[in-house]
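Engineer: Below is work_37.cif; it holds mmCIF, C-alpha atoms and all ligand atoms.
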data_upload
loop_
_atom_site.label_atom_id
_atom_site.label_comp_id
_atom_site.auth_asym_id
_atom_site.auth_seq_id
_atom_site.Cartn_x
_atom_site.Cartn_y
_atom_site.Cartn_z
CA MET A 1 0.00 0.00 0.00
CA SER A 2 1.50 3.28 -1.06
CA ALA A 3 2.22 5.99 1.46
CA THR A 4 2.88 8.47 -1.35
CA LEU A 5 0.45 11.28 -2.05
CA ASN A 6 -1.39 10.33 -5.16
CA ALA A 7 -3.28 13.10 -6.94
CA THR A 8 -5.49 10.58 -8.72
CA SER A 9 -6.66 8.83 -5.54
CA ALA A 10 -10.25 9.24 -4.37
CA VAL A 11 -8.99 8.86 -0.80
CA SER A 12 -5.40 9.24 0.29
CA ILE A 13 -4.45 8.66 3.93
CA ASN A 14 -0.82 9.49 4.58
CA GLY A 15 1.04 8.46 7.71
CA VAL A 16 -1.93 9.26 9.92
CA SER A 17 -1.92 8.84 13.69
CA VAL A 18 -4.79 9.68 16.04
CA ARG A 19 -4.40 10.18 19.79
CA PHE A 20 -7.36 10.86 22.05
CA HIS A 21 -6.71 12.75 25.30
CA SER A 22 -8.93 12.49 28.31
CA LYS A 23 -8.39 13.54 31.95
CA ARG A 24 -7.37 10.00 32.82
CA ALA A 25 -5.45 8.74 29.83
CA GLU A 26 -4.12 9.20 26.35
CA THR A 27 -5.32 6.61 23.82
CA THR A 28 -3.56 6.06 20.53
CA ALA A 29 -6.29 4.79 18.23
CA ILE A 30 -4.37 4.80 14.95
CA GLU A 31 -0.65 4.72 14.33
CA GLN A 32 1.01 5.70 11.06
CA VAL A 33 -1.70 4.40 8.72
CA SER A 34 -1.38 5.02 5.00
CA LEU A 35 -3.91 4.01 2.37
CA ASP A 36 -4.66 5.08 -1.19
CA VAL A 37 -8.07 4.24 -2.62
CA ALA A 38 -8.51 4.60 -6.39
CA PRO A 39 -11.62 6.22 -7.87
CA GLY A 40 -14.37 3.63 -8.20
CA GLU A 41 -12.58 1.14 -5.97
CA PHE A 42 -14.33 -0.81 -3.20
CA VAL A 43 -12.14 -1.24 -0.13
CA SER A 44 -13.21 -3.14 2.99
CA ILE A 45 -11.60 -2.52 6.37
CA VAL A 46 -11.54 -5.27 8.98
CA GLY A 47 -9.86 -5.47 12.37
CA PRO A 48 -10.42 -6.38 16.00
CA SER A 49 -13.15 -4.59 17.93
CA GLY A 50 -12.06 -1.16 19.13
CA CYS A 51 -8.95 -1.05 16.93
CA GLY A 52 -9.78 2.24 15.22
CA LYS A 53 -11.88 1.41 12.14
CA SER A 54 -14.60 4.00 12.80
CA THR A 55 -11.92 6.53 13.65
CA LEU A 56 -10.41 5.98 10.21
CA LEU A 57 -13.75 6.69 8.47
CA LYS A 58 -14.32 9.78 10.63
CA LEU A 59 -10.94 11.11 9.49
CA VAL A 60 -11.93 10.71 5.83
CA ALA A 61 -15.28 12.42 6.52
CA GLY A 62 -13.48 15.30 8.23
CA LEU A 63 -15.32 14.67 11.51
CA LEU A 64 -11.96 14.18 13.24
CA ARG A 65 -8.52 15.73 12.65
CA PRO A 66 -5.43 13.51 12.68
CA SER A 67 -2.85 14.15 15.40
CA SER A 68 -0.24 13.76 12.67
CA GLY A 69 -0.23 12.93 8.98
CA SER A 70 -2.77 14.04 6.42
CA VAL A 71 -5.94 12.89 4.66
CA ARG A 72 -6.92 13.91 1.14
CA LEU A 73 -10.30 13.38 -0.41
CA LEU A 74 -10.66 13.76 -4.18
CA GLY A 75 -7.27 15.47 -4.26
CA GLU A 76 -8.05 18.06 -1.54
CA GLU A 77 -6.71 18.00 1.99
CA VAL A 78 -9.52 17.34 4.50
CA HIS A 79 -9.68 20.20 7.03
CA GLY A 80 -13.24 19.90 8.32
CA PRO A 81 -16.54 18.07 7.71
CA ARG A 82 -16.94 17.14 4.05
CA HIS A 83 -20.41 17.33 2.62
CA ASP A 84 -19.53 15.83 -0.77
CA ILE A 85 -19.44 12.31 0.65
CA GLY A 86 -22.13 9.81 1.65
CA PHE A 87 -22.08 8.14 5.07
CA VAL A 88 -24.08 5.06 6.16
CA PHE A 89 -24.00 3.98 9.81
CA GLN A 90 -25.03 0.77 11.57
CA ARG A 91 -28.35 2.36 12.52
CA ALA A 92 -30.41 3.80 9.70
CA ALA A 93 -31.34 6.88 11.84
CA LEU A 94 -34.50 7.70 9.89
CA LEU A 95 -37.00 10.36 10.90
CA GLU A 96 -39.99 8.37 12.19
CA TRP A 97 -42.62 10.84 10.97
CA ARG A 98 -41.37 10.95 7.39
CA SER A 99 -42.04 8.39 4.68
CA ALA A 100 -39.21 6.37 3.11
CA ARG A 101 -39.12 8.71 0.09
CA LYS A 102 -39.19 11.83 2.27
CA ASN A 103 -36.36 10.45 4.39
CA ILE A 104 -34.33 9.98 1.22
CA LEU A 105 -35.19 13.52 0.08
CA LEU A 106 -33.93 14.95 3.36
CA GLN A 107 -30.46 14.88 1.82
CA ALA A 108 -31.68 17.16 -0.99
CA GLU A 109 -33.34 19.56 1.45
CA MET A 110 -30.15 19.87 3.50
CA ARG A 111 -28.17 20.64 0.35
CA GLY A 112 -30.67 22.86 -1.41
CA MET A 113 -30.81 20.49 -4.41
CA GLY A 114 -33.52 21.28 -6.98
CA SER A 115 -36.67 19.31 -6.14
CA ALA A 116 -37.25 17.96 -9.68
CA GLU A 117 -33.70 16.59 -9.93
CA ALA A 118 -33.83 15.22 -6.37
CA GLY A 119 -37.19 13.54 -7.01
CA ARG A 120 -35.89 11.89 -10.19
CA ARG A 121 -32.77 10.68 -8.44
CA ALA A 122 -34.75 9.40 -5.43
CA ASP A 123 -37.05 7.39 -7.72
CA GLU A 124 -34.03 5.92 -9.54
CA LEU A 125 -32.46 4.84 -6.24
CA ILE A 126 -35.75 3.48 -4.88
CA GLU A 127 -35.97 1.27 -7.95
CA MET A 128 -32.29 0.29 -7.82
CA THR A 129 -32.57 -0.85 -4.19
CA GLY A 130 -35.89 -2.67 -4.57
CA LEU A 131 -37.93 -0.22 -2.46
CA THR A 132 -40.58 0.32 -5.13
CA GLY A 133 -44.00 0.08 -3.49
CA PHE A 134 -42.67 1.22 -0.09
CA GLU A 135 -42.01 4.89 -0.95
CA ASN A 136 -44.81 6.10 1.31
CA ALA A 137 -44.23 3.69 4.18
CA LEU A 138 -43.11 5.12 7.52
CA PRO A 139 -39.86 3.74 9.01
CA HIS A 140 -41.67 1.61 11.62
CA GLU A 141 -43.55 -0.09 8.76
CA LEU A 142 -40.24 -1.16 7.14
CA SER A 143 -38.03 -4.14 8.00
CA GLY A 144 -34.47 -3.52 9.23
CA GLY A 145 -33.10 -4.32 5.76
CA MET A 146 -35.51 -1.90 4.12
CA GLN A 147 -34.59 0.82 6.58
CA GLN A 148 -30.92 0.36 5.68
CA ARG A 149 -31.86 0.55 1.97
CA VAL A 150 -33.50 3.90 2.69
CA ALA A 151 -30.34 5.03 4.50
CA LEU A 152 -28.27 3.89 1.49
CA CYS A 153 -30.52 5.81 -0.93
CA ARG A 154 -30.27 8.92 1.28
CA ALA A 155 -26.47 8.62 1.32
CA LEU A 156 -26.36 8.29 -2.49
CA LEU A 157 -28.94 10.94 -3.43
CA HIS A 158 -26.41 13.69 -4.17
CA GLN A 159 -24.25 11.25 -6.18
CA PRO A 160 -21.24 11.39 -3.85
CA ARG A 161 -18.03 10.19 -5.41
CA VAL A 162 -17.05 8.60 -2.10
CA LEU A 163 -19.35 6.54 0.12
CA LEU A 164 -18.27 5.66 3.68
CA MET A 165 -20.05 2.77 5.37
CA ASP A 166 -19.55 1.90 9.04
CA GLU A 167 -20.80 -1.64 9.76
CA PRO A 168 -24.02 -0.83 7.85
CA PHE A 169 -25.49 -4.34 8.01
CA GLY A 170 -24.31 -5.28 11.51
CA ALA A 171 -27.79 -5.15 13.02
CA LEU A 172 -29.45 -7.31 10.34
CA ASP A 173 -30.17 -11.03 10.41
CA ALA A 174 -27.82 -13.23 8.36
CA LEU A 175 -30.16 -13.76 5.41
CA THR A 176 -31.10 -10.08 5.07
CA ARG A 177 -27.43 -9.22 5.37
CA GLU A 178 -26.61 -11.47 2.39
CA GLN A 179 -29.38 -9.85 0.36
CA MET A 180 -28.05 -6.41 1.26
CA ASN A 181 -24.56 -7.49 0.18
CA VAL A 182 -25.91 -8.49 -3.21
CA GLU A 183 -27.75 -5.18 -3.55
CA LEU A 184 -24.80 -3.11 -2.45
CA HIS A 185 -22.60 -4.91 -4.96
CA ARG A 186 -25.08 -4.13 -7.73
CA VAL A 187 -25.52 -0.49 -6.66
CA TRP A 188 -21.73 -0.04 -6.51
CA ARG A 189 -21.35 -1.48 -10.03
CA GLU A 190 -24.13 0.75 -11.35
CA THR A 191 -23.00 3.99 -9.70
CA GLY A 192 -19.20 3.64 -9.89
CA THR A 193 -18.92 5.26 -6.43
CA THR A 194 -15.73 4.74 -4.44
CA VAL A 195 -16.64 2.81 -1.28
CA LEU A 196 -14.84 2.39 2.05
CA LEU A 197 -16.65 -0.23 4.13
CA VAL A 198 -15.93 -1.09 7.75
CA THR A 199 -17.23 -4.54 8.62
CA HIS A 200 -16.84 -7.35 11.15
CA SER A 201 -17.87 -9.94 8.58
CA ILE A 202 -14.96 -11.51 6.72
CA ALA A 203 -17.27 -13.00 4.06
CA GLU A 204 -18.89 -9.61 3.46
CA SER A 205 -15.50 -7.88 3.28
CA VAL A 206 -14.30 -10.27 0.58
CA TYR A 207 -17.52 -10.62 -1.42
CA LEU A 208 -17.83 -6.85 -1.85
CA ALA A 209 -14.30 -5.56 -2.19
CA ASN A 210 -11.45 -5.14 -4.62
CA ARG A 211 -9.12 -5.01 -1.62
CA VAL A 212 -9.43 -5.80 2.08
CA VAL A 213 -7.35 -3.82 4.58
CA VAL A 214 -6.63 -5.84 7.72
CA LEU A 215 -5.84 -3.71 10.76
CA THR A 216 -4.03 -4.80 13.92
CA ARG A 217 -5.30 -4.52 17.46
CA ARG A 218 -5.28 -0.91 18.79
CA PRO A 219 -3.36 1.20 18.03
CA ALA A 220 -4.34 0.23 14.51
CA LEU A 221 -1.54 -0.36 12.07
CA VAL A 222 -2.10 -1.86 8.64
CA LYS A 223 -1.35 -5.56 9.09
CA GLU A 224 -1.85 -6.47 5.44
CA VAL A 225 -3.76 -5.43 2.34
CA ILE A 226 -5.33 -8.36 0.51
CA GLU A 227 -6.16 -8.12 -3.20
CA VAL A 228 -9.43 -9.94 -3.87
CA ASP A 229 -8.98 -12.06 -6.96
CA LEU A 230 -12.63 -12.62 -7.88
CA PRO A 231 -14.56 -11.71 -11.05
CA ALA A 232 -15.99 -8.18 -11.23
CA GLY A 233 -19.61 -9.31 -11.42
CA ARG A 234 -20.26 -11.54 -8.38
CA ASP A 235 -23.19 -13.89 -8.14
CA TYR A 236 -23.50 -14.58 -4.40
CA SER A 237 -23.71 -18.38 -4.28
CA ALA A 238 -21.22 -18.89 -7.12
CA THR A 239 -18.75 -16.53 -5.41
CA MET A 240 -19.07 -18.32 -2.06
CA ALA A 241 -18.31 -21.62 -3.82
CA ARG A 242 -15.12 -20.39 -5.51
CA PRO A 243 -11.80 -21.69 -4.16
CA GLU A 244 -10.33 -18.13 -4.28
CA PHE A 245 -13.12 -17.01 -1.94
CA ALA A 246 -12.27 -19.75 0.55
CA THR A 247 -8.52 -19.07 0.45
CA THR A 248 -8.98 -15.30 0.79
CA THR A 249 -11.37 -15.53 3.75
CA ALA A 250 -9.10 -18.12 5.40
CA ARG A 251 -6.11 -15.79 4.95
CA ILE A 252 -7.98 -12.89 6.59
CA ARG A 253 -9.20 -15.12 9.41
CA ASP A 254 -5.58 -16.18 10.05
CA LEU A 255 -4.41 -12.58 10.07
CA LEU A 256 -7.17 -11.57 12.49
CA GLY A 257 -6.44 -14.60 14.64
CA ALA A 258 -2.80 -13.55 14.67
CA VAL A 259 -3.62 -9.98 15.70
CA THR A 260 -6.20 -10.87 18.34
CA GLY A 261 -4.27 -13.84 19.62
CA HIS A 262 -7.20 -16.25 18.96
CA ASP A 263 -7.48 -18.91 16.27
N1 LIG B 301 -13.78 10.59 20.97
C1 LIG B 301 -13.04 9.68 21.58
N2 LIG B 301 -12.41 9.96 22.75
C2 LIG B 301 -11.61 9.04 23.34
N3 LIG B 301 -11.37 7.81 22.86
C3 LIG B 301 -11.97 7.48 21.72
C4 LIG B 301 -12.85 8.38 21.01
N4 LIG B 301 -13.29 7.76 19.88
C5 LIG B 301 -12.75 6.52 19.88
N5 LIG B 301 -11.96 6.37 20.98
C6 LIG B 301 -11.16 5.17 21.30
O1 LIG B 301 -10.37 4.87 20.16
C7 LIG B 301 -10.33 3.46 19.93
C8 LIG B 301 -10.83 3.13 18.55
O2 LIG B 301 -12.23 3.40 18.47
P1 LIG B 301 -13.07 3.07 17.14
O3 LIG B 301 -14.49 3.40 17.45
O4 LIG B 301 -12.45 3.73 15.99
O5 LIG B 301 -12.87 1.49 17.03
P2 LIG B 301 -13.58 0.43 16.05
O6 LIG B 301 -12.49 -0.40 15.48
O7 LIG B 301 -14.47 1.13 15.08
O8 LIG B 301 -14.45 -0.39 17.11
P3 LIG B 301 -15.65 -1.43 16.90
O9 LIG B 301 -15.16 -2.49 15.99
O10 LIG B 301 -15.88 -1.98 18.28
O11 LIG B 301 -16.82 -0.65 16.37
C9 LIG B 301 -11.15 2.83 21.06
O12 LIG B 301 -10.27 2.44 22.08
C10 LIG B 301 -12.04 3.95 21.53
O13 LIG B 301 -12.37 3.80 22.89
#
As a first step, turn the structure in this file into structure tokens.
Ligand SMILES: Nc1ncnc2c1ncn2[C@@H]1O[C@H](COP(=O)(O)OP(=O)(O)OP(=O)(O)O)[C@@H](O)[C@H]1O
Structural biologist:
Amino acid sequence: MSATLNATSAVSINGVSVRFHSKRAETTAIEQVSLDVAPGEFVSIVGPSGCGKSTLLKLVAGLLRPSSGSVRLLGEEVHGPRHDIGFVFQRAALLEWRSARKNILLQAEMRGMGSAEAGRRADELIEMTGLTGFENALPHELSGGMQQRVALCRALLHQPRVLLMDEPFGALDALTREQMNVELHRVWRETGTTVLLVTHSIAESVYLANRVVVLTRRPALVKEVIEVDLPAGRDYSATMARPEFATTTARIRDLLGAVTGHD
């Protein structure tokens, strides 16, 4: 993984360290991490719990400043919150009194996007994510998977070139999670958005990504970057059955076992 500033990168993290200070202690969350993500690339980030994965995404979003090193997004140094990205969290965080479509359109309202363009884009995304027929449903009338689809549509409404996802499917049951993986893969292929995904699921990290970044226990260092050697278009069952899938997931499991000290 290159530590060099690369003007063509969608995301460029260069020698970044993050230290948190509290009255009682100083915590180093991230130590000298460098990562270049190419435009249109899908990169998954895995690592032990509490190692600094969310911190890394917050740096890219400009919600946190590094203690040292620098972060560039689309060629520009990140100095503060960036509004040209999309962010999906583990909880969909929808407004309970607004319909699915109106929750998606919130993004347009916050940005002052024209309503005709926003409406067109919302309808496109609703179709792309299989929400057709549920546009007017309120969040409590939607399943967990559907709520996350709404959150994904909201994050993509303004066509961000970079989408950050922090354990977006962690609260879903296993079957819904698989379906969401398939949908995210399709949406990524259709939109060409650069994606940085934090996940605890090794299978998810491999199925979705071009590369998987394995972090060490806190303070997070990059343990290894694994290139995923799978075809671009990925049928779920066929991908799971491929020998490359098994060897890649086994490799990541070994690395995580090595960093956490468990097999
Ligand atoms: N604002 C903060 N102030 C102090 N410490 C913090 C702050 N944010 C995170 N930390 C600490 O930094 C470390 C990394 O946190 P982070 O949330 O990035 O981990 P993570 O890998 O995303 O965790 P998980 O996998 O459990 O979601 C943790 O030890 C956490 O307690």
Engineer: Any idea what's packed within 8 Å of Tyr236 in chain A, counting only C-alpha atoms, ignoring anything in its chain fewer than 4 positions away? Could you give it as a ChimeraX atom specification?
Structural biologist: /A:182,207,240
Engineer: At a cut-off of 10 Å, using all atoms listed in the file, what residues contact Gln107 in chain A? Leave out same-chain residues fewer than 2 positions from it and give the result as number ranges by chain.
Structural biologist: A: 86, 102-105, 109-113, 118, 153-158
Engineer: Find, counting all atoms listed in the file, the residue in A:Thr199, A:Gln148, A:Thr132, A:Ser49 that gets nearest to Arg91 in chain A.
Structural biologist: A:Gln148
Engineer: With only C-alpha atoms and all ligand atoms as the atoms that count, which of A:Leu57, A:Leu35, A:Val11, A:Ala238 lies nearest to ligand LIG 301 (chain B)?
Structural biologist: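 Checking each of A:Leu57, A:Leu35, A:Val11, A:Ala238 against ligand LIG 301 (chain B), counting only C-alpha atoms and all ligand atoms, the winner is A:Leu57.
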Engineer: Take CA of Thr28 in chain A and CA of Pro66 in chain A and report the distance between them in Å, one decimal.
Structural biologist: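 So the answer is 11.0 Å.
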Engineer: Compile a residue-level contact table for chain A against ligand LIG 301 (chain B) at a cut-off of 12 Å, reporting for every qualifying residue the shortest atom pair and its distance in Å to one decimal, with all atoms listed in the file counted, rows ordered by chain and ascending number, as a tab-separated table.
Structural biologist:
residue	atom	partner	partner_atom	distance
A:Ser17	CA	B:LIG301	O1	11.4
A:Val18	CA	B:LIG301	O1	8.4
A:Arg19	CA	B:LIG301	N3	8.0
A:Phe20	CA	B:LIG301	C2	4.8
A:His21	CA	B:LIG301	C2	6.5
A:Ser22	CA	B:LIG301	C2	6.6
A:Lys23	CA	B:LIG301	C2	10.2
A:Arg24	CA	B:LIG301	C2	10.4
A:Ala25	CA	B:LIG301	C2	9.0
A:Glu26	CA	B:LIG301	C2	8.1
A:Thr27	CA	B:LIG301	N3	6.2
A:Thr28	CA	B:LIG301	O1	6.9
A:Ala29	CA	B:LIG301	O1	4.5
A:Ile30	CA	B:LIG301	C8	7.6
A:Glu31	CA	B:LIG301	C8	11.1
A:Ile45	CA	B:LIG301	O6	9.4
A:Val46	CA	B:LIG301	O6	8.2
A:Gly47	CA	B:LIG301	O6	6.5
A:Pro48	CA	B:LIG301	O9	6.1
A:Ser49	CA	B:LIG301	O9	3.5
A:Gly50	CA	B:LIG301	O8	3.2
A:Cys51	CA	B:LIG301	O6	3.9
A:Gly52	CA	B:LIG301	O4	3.2
A:Lys53	CA	B:LIG301	O6	3.8
A:Ser54	CA	B:LIG301	O7	3.7
A:Thr55	CA	B:LIG301	O4	3.7
A:Leu56	CA	B:LIG301	O4	6.5
A:Leu57	CA	B:LIG301	O4	8.2
A:Lys58	CA	B:LIG301	O4	8.3
A:Leu59	CA	B:LIG301	O4	9.9
A:Leu63	CA	B:LIG301	N1	10.4
A:Leu64	CA	B:LIG301	N1	8.7
A:Arg65	CA	B:LIG301	N1	11.1
A:Phe89	CA	B:LIG301	O11	10.8
A:Gln90	CA	B:LIG301	O11	9.6
A:Met165	CA	B:LIG301	O7	11.3
A:Asp166	CA	B:LIG301	O7	7.9
A:Glu167	CA	B:LIG301	O11	7.8
A:Pro168	CA	B:LIG301	O11	11.2
A:Gly170	CA	B:LIG301	O11	10.1
A:Leu197	CA	B:LIG301	O7	11.2
A:Val198	CA	B:LIG301	O7	7.8
A:Thr199	CA	B:LIG301	O9	7.9
A:His200	CA	B:LIG301	O9	7.1
A:Ser201	CA	B:LIG301	O9	10.9
A:Val214	CA	B:LIG301	O6	11.1
A:Leu215	CA	B:LIG301	O6	8.8
A:Thr216	CA	B:LIG301	O6	9.7
A:Arg217	CA	B:LIG301	O6	8.5
A:Arg218	CA	B:LIG301	C7	6.8
A:Pro219	CA	B:LIG301	C7	7.6
A:Ala220	CA	B:LIG301	C8	8.2
A:Leu221	CA	B:LIG301	O6	11.5
Engineer: As lines of an AutoDock Vina configuration file, please: the centre and edge lengths in Å, to one decimal, of an axis-aligned box enclosing every listed atom of range 194-213 of chain A with 4 Å added on each side.
Structural biologist:
center_x = -13.1
center_y = -4.1
center_z = 3.3
size_x = 19.5
size_y = 25.7
size_z = 23.8
Engineer: Give me, please, the distance in Å between CA of Thr129 in chain A and CA of Val150 in chain A, quoted to one decimal.
Structural biologist: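 Computed distance, CA of Thr129 in chain A to CA of Val150 in chain A, equals 8.4 Å.
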Engineer: Choose the residue, out of A:Ser115, A:Asn181, A:Gln32, A:Ser67, that has the smallest atom-to-atom separation from Ser205 in chain A; count all atoms listed in the file.
Structural biologist: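 Comparing A:Ser115, A:Asn181, A:Gln32, A:Ser67 against Ser205 in chain A, the winner is A:Asn181.
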Engineer: Excluding Thr248 in chain A and any residue of its chain fewer than 3 positions from it, enumerate the residues within 9 Å of it, using all atoms listed in the file, and give them as a PyMOL selection string.
Structural biologist: chain A and resi 206+226-229+243-245+251-253
Engineer: Please compute the CA of Arg120 in chain A-CA of Val162 in chain A distance, one decimal, in Å.
Structural biologist: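 Atom-to-atom, CA of Arg120 in chain A and CA of Val162 in chain A are spaced 20.8 Å apart.
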Engineer: If we count all atoms listed in the file and set the cut-off at 9 Å, which residues sit around Ile13 in chain A, ignoring sequence neighbours fewer than 3 positions away in its own chain? Please answer as JSON, numbers by chain.
Structural biologist: {"A": [3, 5, 16, 33, 34, 35, 36, 37, 59, 60, 69, 70, 71, 72, 73]}
Engineer: For range 132-157 of chain A, where the input has fewer atoms than it should, I would like N, CA and C atoms rebuilt and written as a PDB file, in the frame of the given file.
Structural biologist:
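Result went into rebuild.pdb, see below:
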ATOM      1  N   THR A 132     -39.350  -0.059  -4.419  1.00  0.00           N
ATOM      2  CA  THR A 132     -40.580   0.320  -5.130  1.00  0.00           C
ATOM      3  C   THR A 132     -41.789  -0.286  -4.428  1.00  0.00           C
ATOM      4  N   GLY A 133     -42.807   0.544  -4.195  1.00  0.00           N
ATOM      5  CA  GLY A 133     -44.000   0.080  -3.490  1.00  0.00           C
ATOM      6  C   GLY A 133     -43.976   0.467  -2.013  1.00  0.00           C
ATOM      7  N   PHE A 134     -42.798   0.855  -1.512  1.00  0.00           N
ATOM      8  CA  PHE A 134     -42.670   1.220  -0.090  1.00  0.00           C
ATOM      9  C   PHE A 134     -42.304   2.700   0.091  1.00  0.00           C
ATOM     10  N   GLU A 135     -42.416   3.472  -0.997  1.00  0.00           N
ATOM     11  CA  GLU A 135     -42.010   4.890  -0.950  1.00  0.00           C
ATOM     12  C   GLU A 135     -42.723   5.643   0.157  1.00  0.00           C
ATOM     13  N   ASN A 136     -44.020   5.318   0.359  1.00  0.00           N
ATOM     14  CA  ASN A 136     -44.810   6.100   1.310  1.00  0.00           C
ATOM     15  C   ASN A 136     -44.906   5.461   2.696  1.00  0.00           C
ATOM     16  N   ALA A 137     -44.187   4.344   2.869  1.00  0.00           N
ATOM     17  CA  ALA A 137     -44.230   3.690   4.180  1.00  0.00           C
ATOM     18  C   ALA A 137     -43.423   4.498   5.191  1.00  0.00           C
ATOM     19  N   LEU A 138     -43.869   4.469   6.446  1.00  0.00           N
ATOM     20  CA  LEU A 138     -43.110   5.120   7.520  1.00  0.00           C
ATOM     21  C   LEU A 138     -42.038   4.140   8.005  1.00  0.00           C
ATOM     22  N   PRO A 139     -40.934   4.633   8.588  1.00  0.00           N
ATOM     23  CA  PRO A 139     -39.860   3.740   9.010  1.00  0.00           C
ATOM     24  C   PRO A 139     -40.319   2.539   9.842  1.00  0.00           C
ATOM     25  N   HIS A 140     -41.284   2.754  10.769  1.00  0.00           N
ATOM     26  CA  HIS A 140     -41.670   1.610  11.620  1.00  0.00           C
ATOM     27  C   HIS A 140     -42.442   0.548  10.826  1.00  0.00           C
ATOM     28  N   GLU A 141     -42.856   0.894   9.602  1.00  0.00           N
ATOM     29  CA  GLU A 141     -43.550  -0.090   8.760  1.00  0.00           C
ATOM     30  C   GLU A 141     -42.552  -0.859   7.875  1.00  0.00           C
ATOM     31  N   LEU A 142     -41.268  -0.511   7.984  1.00  0.00           N
ATOM     32  CA  LEU A 142     -40.240  -1.160   7.140  1.00  0.00           C
ATOM     33  C   LEU A 142     -39.412  -2.135   7.975  1.00  0.00           C
ATOM     34  N   SER A 143     -38.931  -3.208   7.309  1.00  0.00           N
ATOM     35  CA  SER A 143     -38.030  -4.140   8.000  1.00  0.00           C
ATOM     36  C   SER A 143     -36.666  -3.457   8.175  1.00  0.00           C
ATOM     37  N   GLY A 144     -35.802  -4.081   9.001  1.00  0.00           N
ATOM     38  CA  GLY A 144     -34.470  -3.520   9.230  1.00  0.00           C
ATOM     39  C   GLY A 144     -33.692  -3.359   7.922  1.00  0.00           C
ATOM     40  N   GLY A 145     -33.810  -4.376   7.046  1.00  0.00           N
ATOM     41  CA  GLY A 145     -33.100  -4.320   5.760  1.00  0.00           C
ATOM     42  C   GLY A 145     -33.620  -3.177   4.898  1.00  0.00           C
ATOM     43  N   MET A 146     -34.926  -2.990   4.910  1.00  0.00           N
ATOM     44  CA  MET A 146     -35.510  -1.900   4.120  1.00  0.00           C
ATOM     45  C   MET A 146     -35.089  -0.545   4.674  1.00  0.00           C
ATOM     46  N   GLN A 147     -35.023  -0.453   5.987  1.00  0.00           N
ATOM     47  CA  GLN A 147     -34.590   0.820   6.580  1.00  0.00           C
ATOM     48  C   GLN A 147     -33.154   1.144   6.166  1.00  0.00           C
ATOM     49  N   GLN A 148     -32.311   0.106   6.103  1.00  0.00           N
ATOM     50  CA  GLN A 148     -30.920   0.360   5.680  1.00  0.00           C
ATOM     51  C   GLN A 148     -30.866   0.719   4.191  1.00  0.00           C
ATOM     52  N   ARG A 149     -31.804   0.160   3.389  1.00  0.00           N
ATOM     53  CA  ARG A 149     -31.860   0.550   1.970  1.00  0.00           C
ATOM     54  C   ARG A 149     -32.210   2.025   1.855  1.00  0.00           C
ATOM     55  N   VAL A 150     -33.136   2.477   2.702  1.00  0.00           N
ATOM     56  CA  VAL A 150     -33.500   3.900   2.690  1.00  0.00           C
ATOM     57  C   VAL A 150     -32.270   4.739   3.057  1.00  0.00           C
ATOM     58  N   ALA A 151     -31.542   4.295   4.086  1.00  0.00           N
ATOM     59  CA  ALA A 151     -30.340   5.030   4.500  1.00  0.00           C
ATOM     60  C   ALA A 151     -29.310   5.066   3.364  1.00  0.00           C
ATOM     61  N   LEU A 152     -29.212   3.948   2.620  1.00  0.00           N
ATOM     62  CA  LEU A 152     -28.270   3.890   1.490  1.00  0.00           C
ATOM     63  C   LEU A 152     -28.699   4.867   0.392  1.00  0.00           C
ATOM     64  N   CYS A 153     -29.996   4.882   0.083  1.00  0.00           N
ATOM     65  CA  CYS A 153     -30.520   5.810  -0.930  1.00  0.00           C
ATOM     66  C   CYS A 153     -30.247   7.257  -0.511  1.00  0.00           C
ATOM     67  N   ARG A 154     -30.489   7.546   0.775  1.00  0.00           N
ATOM     68  CA  ARG A 154     -30.270   8.920   1.280  1.00  0.00           C
ATOM     69  C   ARG A 154     -28.794   9.298   1.130  1.00  0.00           C
ATOM     70  N   ALA A 155     -27.908   8.339   1.408  1.00  0.00           N
ATOM     71  CA  ALA A 155     -26.470   8.620   1.320  1.00  0.00           C
ATOM     72  C   ALA A 155     -26.012   8.807  -0.123  1.00  0.00           C
ATOM     73  N   LEU A 156     -26.781   8.239  -1.083  1.00  0.00           N
ATOM     74  CA  LEU A 156     -26.360   8.290  -2.490  1.00  0.00           C
ATOM     75  C   LEU A 156     -27.090   9.359  -3.301  1.00  0.00           C
ATOM     76  N   LEU A 157     -28.066  10.033  -2.673  1.00  0.00           N
ATOM     77  CA  LEU A 157     -28.940  10.940  -3.430  1.00  0.00           C
ATOM     78  C   LEU A 157     -28.161  12.011  -4.194  1.00  0.00           C
TER      79      LEU A 157
END
